[in-house]
file my_file_24.txt (compact mmCIF, C-alpha atoms)
# COMPACT_ATOMS: atom_id res chain seq x y z
CA MET A 767 19.17 33.79 -19.76
CA GLU A 768 21.87 31.18 -19.43
CA GLU A 769 20.62 27.98 -17.90
CA GLU A 770 23.54 27.52 -15.51
CA MET A 771 22.81 30.91 -13.91
CA MET A 772 19.21 30.18 -12.92
CA ILE A 773 17.89 28.28 -9.91
CA LEU A 774 14.34 27.04 -9.36
CA GLY A 775 13.42 26.57 -5.69
CA VAL A 776 10.01 25.12 -4.80
CA ASP A 777 8.41 24.60 -1.40
CA GLY A 778 5.28 22.45 -1.32
CA GLY A 779 3.14 21.76 1.74
CA SER A 780 -0.36 21.18 3.03
CA THR A 781 -1.54 24.73 2.45
CA LYS A 782 0.43 26.20 -0.43
CA THR A 783 3.12 25.73 -3.04
CA LEU A 784 5.58 28.56 -3.63
CA ALA A 785 8.15 28.60 -6.44
CA ILE A 786 11.05 31.00 -6.90
CA VAL A 787 13.22 31.47 -9.99
CA PHE A 788 16.51 33.03 -8.87
CA ASP A 789 19.07 34.66 -11.17
CA GLU A 790 22.56 34.02 -9.80
CA ARG A 791 24.22 36.67 -11.96
CA SER A 792 22.24 39.55 -10.50
CA GLU A 793 21.57 37.79 -7.19
CA SER A 794 17.92 38.59 -7.61
CA ILE A 795 14.54 36.89 -7.77
CA ALA A 796 13.36 36.78 -11.37
CA GLY A 797 9.95 35.20 -10.79
CA VAL A 798 7.60 33.95 -8.07
CA GLY A 799 4.62 31.62 -8.41
CA ILE A 800 2.09 30.61 -5.76
CA SER A 801 -0.52 27.88 -5.90
CA GLY A 802 -2.50 25.55 -3.67
CA PRO A 803 -1.47 22.56 -1.51
CA SER A 804 0.91 19.87 -2.79
CA ASN A 805 1.38 17.56 0.18
CA PHE A 806 0.74 14.35 -1.74
CA THR A 807 0.32 12.34 1.47
CA ASN A 808 -2.98 14.04 2.29
CA ALA A 809 -4.08 15.26 -1.14
CA PRO A 810 -4.68 13.32 -4.35
CA ARG A 811 -1.65 12.95 -6.60
CA GLU A 812 -3.47 14.83 -9.35
CA THR A 813 -4.04 17.81 -7.06
CA ALA A 814 -0.44 17.90 -5.86
CA THR A 815 0.87 17.60 -9.41
CA ALA A 816 -1.40 20.34 -10.72
CA ASN A 817 -0.49 22.77 -7.94
CA ILE A 818 3.26 22.19 -8.20
CA SER A 819 3.06 22.60 -11.97
CA ASP A 820 0.98 25.77 -11.62
CA ALA A 821 3.40 27.43 -9.17
CA VAL A 822 6.41 26.53 -11.32
CA LYS A 823 4.78 27.80 -14.51
CA LYS A 824 3.81 31.09 -12.87
CA ALA A 825 7.35 31.65 -11.58
CA CYS A 826 8.97 30.75 -14.90
CA SER A 827 6.52 32.90 -16.85
CA GLU A 828 7.25 35.90 -14.66
CA ALA A 829 10.98 35.26 -15.08
CA GLY A 830 10.63 34.87 -18.84
CA VAL A 831 12.36 31.50 -18.84
CA ASP A 832 11.43 27.98 -19.96
CA MET A 833 11.55 25.67 -16.93
CA ARG A 834 13.27 23.02 -19.07
CA SER A 835 16.23 25.37 -19.54
CA ILE A 836 16.87 25.71 -15.79
CA ASP A 837 19.64 23.33 -14.82
CA THR A 838 19.44 23.64 -11.02
CA LYS A 839 16.04 22.74 -9.62
CA VAL A 840 15.38 22.00 -5.94
CA PHE A 841 11.98 20.85 -4.69
CA GLY A 842 11.35 20.73 -0.95
CA LEU A 843 8.12 18.80 -0.49
CA ALA A 844 6.11 17.72 2.52
CA GLY A 845 5.94 13.92 2.49
CA ILE A 846 9.49 13.32 1.32
CA GLY A 847 11.17 11.15 3.94
CA ASP A 848 7.92 10.01 5.56
CA SER A 849 8.42 6.56 4.04
CA LYS A 850 10.12 4.96 1.04
CA GLU A 851 6.79 4.83 -0.76
CA ALA A 852 6.03 8.50 -0.07
CA THR A 853 9.51 9.57 -1.12
CA GLU A 854 9.31 7.71 -4.42
CA LEU A 855 5.86 9.12 -5.10
CA GLY A 856 7.08 12.66 -4.52
CA LYS A 857 10.09 12.19 -6.77
CA ASP A 858 7.91 10.70 -9.48
CA ILE A 859 5.54 13.68 -9.34
CA VAL A 860 8.45 16.09 -9.77
CA ARG A 861 9.91 14.04 -12.65
CA SER A 862 6.58 14.18 -14.42
CA ILE A 863 6.63 17.99 -14.28
CA VAL A 864 10.25 19.09 -14.78
CA GLY A 865 12.30 15.97 -15.39
CA LYS A 866 15.59 15.85 -13.48
CA ALA A 867 15.63 17.74 -10.18
CA ASP A 868 16.78 17.50 -6.57
CA VAL A 869 13.85 16.46 -4.39
CA VAL A 870 14.25 16.86 -0.63
CA SER A 871 12.10 17.12 2.46
CA ASP A 872 10.49 20.49 3.01
CA GLY A 873 12.08 20.26 6.44
CA LEU A 874 15.55 20.42 4.93
CA GLY A 875 14.58 23.57 3.03
CA ALA A 876 13.16 25.05 6.25
CA TYR A 877 16.31 24.26 8.18
CA LYS A 878 18.61 25.61 5.46
CA PHE A 879 16.60 28.83 5.31
CA ALA A 880 16.48 29.44 9.07
CA ASN A 881 19.85 28.13 10.25
CA LEU A 882 21.92 27.53 7.09
CA ASN A 883 24.55 24.97 8.12
CA GLU A 884 24.82 25.91 11.77
CA ASP A 885 23.97 23.44 14.51
CA GLY A 886 20.64 24.26 16.05
CA VAL A 887 16.90 23.72 16.12
CA VAL A 888 14.09 24.67 13.80
CA PHE A 889 10.52 24.21 14.95
CA ALA A 890 7.99 24.76 12.18
CA PRO A 891 4.37 25.36 13.25
CA GLY A 892 2.47 25.91 10.04
CA THR A 893 -0.64 24.02 8.93
CA GLY A 894 0.88 21.14 10.92
CA SER A 895 4.05 21.19 13.00
CA VAL A 896 7.42 19.45 12.88
CA GLY A 897 10.91 20.09 14.23
CA PHE A 898 14.50 19.50 13.19
CA LEU A 899 17.62 19.24 15.33
CA LYS A 900 21.13 19.47 13.89
CA LYS A 901 24.26 18.69 15.88
CA GLY A 902 27.24 17.99 13.67
CA SER A 903 25.31 16.11 10.99
CA GLU A 904 22.20 16.36 8.84
CA PRO A 905 19.10 17.74 10.59
CA LYS A 906 17.08 15.02 12.32
CA ARG A 907 13.32 15.25 12.51
CA PHE A 908 11.20 15.26 15.63
CA GLY A 909 7.46 15.78 16.03
CA GLY A 910 5.26 15.84 12.97
CA TRP A 911 2.84 13.34 14.42
CA GLY A 912 -0.09 14.47 12.32
CA TRP A 913 -3.07 16.62 13.07
CA VAL A 914 -5.36 13.92 14.49
CA ILE A 915 -3.23 13.36 17.60
CA GLY A 916 -0.34 15.79 17.47
CA ASP A 917 0.97 18.80 15.55
CA GLU A 918 1.02 20.86 18.73
CA GLY A 919 1.29 24.58 18.22
CA SER A 920 0.20 24.39 14.57
CA ALA A 921 -2.62 26.26 12.86
CA SER A 922 -4.69 23.08 12.66
CA TRP A 923 -4.11 22.46 16.38
CA MET A 924 -5.22 26.03 17.16
CA ALA A 925 -8.33 25.55 15.03
CA LYS A 926 -9.25 22.39 16.92
CA GLN A 927 -8.85 24.24 20.21
CA ALA A 928 -11.15 26.95 18.87
CA ILE A 929 -13.77 24.40 17.86
CA LEU A 930 -13.56 22.86 21.34
CA LEU A 931 -14.25 26.29 22.84
CA ALA A 932 -17.14 26.73 20.42
CA GLU A 933 -18.56 23.42 21.65
CA ARG A 934 -18.40 24.63 25.24
CA GLU A 935 -20.37 27.73 24.34
CA TYR A 936 -22.84 25.70 22.25
CA ASP A 937 -23.42 23.46 25.29
CA GLY A 938 -24.00 26.45 27.57
CA ILE A 939 -20.90 25.77 29.66
CA SER A 940 -19.04 29.03 29.10
CA GLU A 941 -19.39 32.19 27.01
CA THR A 942 -16.23 31.90 24.93
CA GLY A 943 -17.19 34.00 21.91
CA PHE A 944 -16.22 31.16 19.57
CA ARG A 945 -19.55 29.53 18.67
CA ASP A 946 -20.77 32.03 16.10
CA MET A 947 -17.27 32.68 14.75
CA VAL A 948 -16.71 29.00 14.00
CA MET A 949 -20.17 28.39 12.52
CA ASN A 950 -19.96 31.51 10.36
CA TYR A 951 -16.54 30.49 9.09
CA PHE A 952 -17.67 27.01 8.04
CA GLY A 953 -21.19 28.10 7.09
CA MET A 954 -22.99 25.34 8.98
CA ASP A 955 -24.24 24.27 12.39
CA LEU A 956 -21.49 23.26 14.82
CA TYR A 957 -22.60 19.63 14.94
CA GLU A 958 -22.36 19.53 11.16
CA VAL A 959 -18.89 21.07 11.31
CA VAL A 960 -17.58 18.48 13.73
CA TYR A 961 -19.17 15.62 11.79
CA ALA A 962 -17.75 16.85 8.49
CA ILE A 963 -14.25 17.15 9.94
CA SER A 964 -14.46 13.67 11.48
CA LYS A 965 -15.42 12.26 8.08
CA GLU A 966 -12.58 14.19 6.40
CA ARG A 967 -15.06 16.13 4.29
CA ILE A 968 -13.34 19.37 5.27
CA ALA A 969 -9.70 19.56 4.27
CA LYS A 970 -6.99 20.11 6.87
CA ARG A 971 -5.89 23.35 5.20
CA VAL A 972 -9.45 24.72 5.43
CA VAL A 973 -9.61 23.91 9.13
CA ALA A 974 -6.16 25.42 9.68
CA ALA A 975 -7.20 28.61 7.92
CA LEU A 976 -9.38 29.36 10.95
CA ALA A 977 -6.17 30.40 12.77
CA PRO A 978 -6.09 34.03 11.52
CA ARG A 979 -9.56 34.58 13.00
CA ILE A 980 -8.33 33.22 16.33
CA SER A 981 -5.40 35.64 16.10
CA ALA A 982 -7.79 38.54 15.53
CA MET A 983 -9.83 37.53 18.57
CA ALA A 984 -6.67 37.35 20.69
CA ARG A 985 -5.55 40.79 19.53
CA SER A 986 -8.99 42.16 20.46
CA GLY A 987 -8.56 40.80 24.00
CA ASN A 988 -10.65 37.60 24.02
CA LYS A 989 -9.20 35.70 26.98
CA TYR A 990 -10.02 32.30 25.51
CA ALA A 991 -8.23 33.10 22.26
CA ILE A 992 -5.27 34.42 24.24
CA SER A 993 -5.21 31.15 26.20
CA ILE A 994 -4.72 29.21 22.96
CA PHE A 995 -1.62 31.24 22.18
CA GLU A 996 -0.40 30.95 25.75
CA GLU A 997 -0.61 27.17 25.57
CA SER A 998 1.02 27.07 22.15
CA SER A 999 3.85 29.41 23.15
CA SER A 1000 4.46 27.33 26.27
CA TYR A 1001 4.86 24.23 24.12
CA ILE A 1002 7.22 25.97 21.69
CA SER A 1003 9.33 27.33 24.53
CA GLU A 1004 9.45 23.86 26.07
CA VAL A 1005 10.75 22.52 22.74
CA MET A 1006 13.47 25.18 22.59
CA ASN A 1007 14.46 24.85 26.24
CA SER A 1008 14.69 21.06 26.05
CA LYS A 1009 16.81 21.11 22.90
CA SER A 1010 19.13 23.71 24.44
CA LYS A 1011 20.18 21.00 26.90
CA VAL A 1012 21.50 19.08 23.90
CA LEU A 1013 23.02 21.98 22.01
CA GLY A 1014 23.98 24.50 24.65
CA SER A 1015 24.28 28.23 24.04
CA SER A 1016 26.17 27.80 20.75
CA GLY A 1017 23.15 26.54 18.80
CA ARG A 1018 20.91 28.63 16.55
CA TYR A 1019 17.27 28.44 17.62
CA SER A 1020 14.54 29.26 15.11
CA VAL A 1021 10.75 29.11 14.89
CA LEU A 1022 9.30 29.21 11.40
CA GLY A 1023 5.69 28.99 10.29
CA GLY A 1024 2.48 30.66 9.25
CA THR A 1025 1.28 30.88 12.85
CA MET A 1026 3.96 33.51 13.48
CA LEU A 1027 1.79 35.87 11.43
CA ALA A 1028 -0.49 36.12 14.48
CA GLY A 1029 1.47 39.19 15.51
CA ASP A 1030 4.05 40.65 17.84
CA PHE A 1031 2.08 39.60 20.93
CA TYR A 1032 2.57 35.92 20.06
CA GLN A 1033 6.22 36.28 19.20
CA HIS A 1034 6.75 38.07 22.52
CA MET A 1035 5.01 35.23 24.37
CA ILE A 1036 7.41 32.71 22.83
CA ARG A 1037 10.57 34.73 23.45
CA SER A 1038 9.60 35.57 27.03
CA LYS A 1039 9.36 31.88 27.91
CA THR A 1040 12.54 30.59 26.30
CA SER A 1041 15.94 30.44 27.93
CA VAL A 1042 17.77 30.99 24.61
CA PRO A 1043 17.52 33.69 21.91
CA VAL A 1044 14.93 32.68 19.29
CA ASN A 1045 14.81 33.76 15.64
CA ILE A 1046 11.30 33.95 14.17
CA TYR A 1047 10.40 33.57 10.48
CA TYR A 1048 7.32 32.89 8.33
CA GLY A 1049 6.31 29.76 6.45
CA TYR A 1050 6.11 31.37 3.02
CA GLN A 1051 9.87 32.05 3.22
CA VAL A 1052 10.85 28.36 3.21
CA ALA A 1053 11.24 28.25 -0.59
CA ILE A 1054 14.28 30.49 -0.06
CA GLY A 1055 15.90 27.52 1.65
CA ASP A 1056 15.50 25.47 -1.53
CA VAL A 1057 17.16 28.27 -3.51
CA LEU A 1058 20.00 28.25 -0.96
CA ILE A 1059 20.45 24.50 -1.43
CA GLY A 1060 20.88 25.17 -5.14
CA LEU A 1061 23.29 28.05 -4.53
CA GLU A 1062 25.36 25.96 -2.15
CA LYS A 1063 26.19 23.54 -4.94
CA LYS A 1064 28.21 26.31 -6.54
CA GLY A 1065 29.74 28.03 -3.55
CA GLU A 1066 29.28 29.12 0.04
CA ILE A 1067 26.09 30.64 1.38
CA ASP A 1068 25.65 33.03 4.25
CA LEU A 1069 23.03 35.05 6.07
CA SER A 1070 23.64 38.13 3.93
CA ILE A 1071 22.49 36.46 0.70
CA ARG A 1072 19.63 34.78 2.58
CA ASP A 1073 18.45 38.13 3.94
CA LYS A 1074 18.78 39.77 0.53
CA ILE A 1075 16.49 37.14 -1.00
CA MET A 1076 14.04 37.56 1.90
CA ARG A 1077 13.67 41.26 1.13
CA GLN A 1078 13.21 40.55 -2.56
CA LEU A 1079 10.56 37.91 -1.91
CA ASN A 1080 8.59 40.29 0.29
CA ALA A 1081 8.74 42.96 -2.40
CA SER A 1082 7.54 40.49 -5.02
CA LEU A 1083 4.65 39.25 -2.89
CA LYS A 1084 3.40 42.78 -2.31
CA ASN A 1085 2.52 42.78 -6.02
CA LYS A 1086 0.40 39.63 -5.63
CA PRO A 1087 -2.34 40.62 -3.17
CA GLU A 1088 -4.90 38.11 -4.44
CA ASP A 1089 -2.46 35.19 -4.36
CA ILE A 1090 -1.19 35.93 -0.86
CA LYS A 1091 -4.76 36.19 0.40
CA GLU A 1092 -5.93 32.97 -1.27
CA PHE A 1093 -2.89 30.76 -0.72
CA LEU A 1094 -0.92 32.31 2.14
CA PHE A 1095 -3.91 33.59 4.18
CA MET A 1096 -2.24 36.99 4.57
CA GLU A 1097 -3.83 40.37 4.07
CA ASN A 1098 -0.45 42.07 3.96
CA VAL A 1099 3.19 41.05 3.66
CA PRO A 1100 5.14 41.46 6.93
CA GLU A 1101 7.90 44.04 6.97
CA SER A 1102 11.40 42.61 6.46
call {"tool": "encode", "arguments": {"input": "my_file_24.txt", "output": "structure tokens"}}
result
Amino acid sequence: MEEEMMILGVDGGSTKTLAIVFDERSESIAGVGISGPSNFTNAPRETATANISDAVKKACSEAGVDMRSIDTKVFGLAGIGDSKEATELGKDIVRSIVGKADVVSDGLGAYKFANLNEDGVVFAPGTGSVGFLKKGSEPKRFGGWGWVIGDEGSASWMAKQAILLAEREYDGISETGFRDMVMNYFGMDLYEVVYAISKERIAKRVVAALAPRISAMARSGNKYAISIFEESSSYISEVMNSKSKVLGSSGRYSVLGGTMLAGDFYQHMIRSKTSVPVNIYYGYQVAIGDVLIGLEKKGEIDLSIRDKIMRQLNASLKNKPEDIKEFLFMENVPES
């Protein structure tokens, strides 16, 4: 394969790292690799480096290409842009793995995937949450305050709400149905759970991975679980409605994140509360945005090529059931 016809796009965050090798000639995905978290601001450098390297190697192996022969490489990493120190650290990690590459914020990849170059808003509730607004210039960040006091609407925020409800049941205040679920998930008494989280002995991604169980409870009709999604959807709609005052009806409004895997009921909640049409996508698709950044260097991009890659990624992931369960917390790949 000719080097100038291949693109490596990598998305790295607090929960997973997903790499795509894309063949420009056939306009098709040649390889996909998935690994663990690579947000170097809340994980050791060694862990982030190992997971990025693992995802890249898996994708290149599947594509049958040496990563050193790929000329266009775009890494969208959580932590880039947080500070000068964080940005330099992220770039240094990438250099140590693949040498020369474009290293950008994962938010830029998310925006490019969801909205391409159109003015608009992208709100991304995944493990944490952050938003981006674009009006005639580069997307500008909002939110992303961190999971201790912030990250509203994210999986980690939902998990904390669930633990709070478990505490109420533990204290005999209300029968929420959360006490046993939370203790069984963590495998310890609730007091031990809370203490371990406060001492950062349980990783953020592990806490956030409680979200699918909350989704299941909501789908089964638990009113307390439903209330978590009601509150989250109200916040997301407030974000969209407030930004529409800046952009007007011409903007493209998108929500993108792993929490959207909760199901149609949640997506309906969000759309029913917003005053503008909202596009909804999933967090694992963000690496497509990094591929699009690479493609854009050589020509125009549009929604048709984006959607084509989306379908191909879904097809590829269906052949990786163990990886999507371990790293993406999905039992099945959503339909395109």
call {"tool": "residues_around", "arguments": {"input": "my_file_24.txt", "residues": "Val972 (chain A)", "least_positions_apart": "2", "cutoff": "9 Å", "atoms": "all atoms listed in the file", "output": "list in words"}}
result
Thr781, Ser922, Phe952, Ile968, Ala969, Lys970, Ala974, Ala975 and Leu976 of chain A
call {"tool": "closest_residue", "arguments": {"input": "my_file_24.txt", "among": "A:Tyr1032, A:Trp923, A:Tyr1019, A:Phe806", "to": "Ser1000 (chain A)", "atoms": "all atoms listed in the file"}}
result
A:Tyr1032
call {"tool": "closest_residue", "arguments": {"input": "my_file_24.txt", "among": "A:Ala925, A:Ile859, A:Ala977, A:Ile795", "to": "Thr1025 (chain A)", "atoms": "only C-alpha atoms"}}
result
A:Ala977
call {"tool": "atom_distance", "arguments": {"input": "my_file_24.txt", "atom1": "CA of Val787 (chain A)", "atom2": "CA of Ala829 (chain A)"}}
result
6.7 Å
call {"tool": "closest_residue", "arguments": {"input": "my_file_24.txt", "among": "A:Val864, A:Val888, A:Ile1002, A:Leu874", "to": "Ser920 (chain A)", "atoms": "all atoms listed in the file"}}
result
A:Ile1002
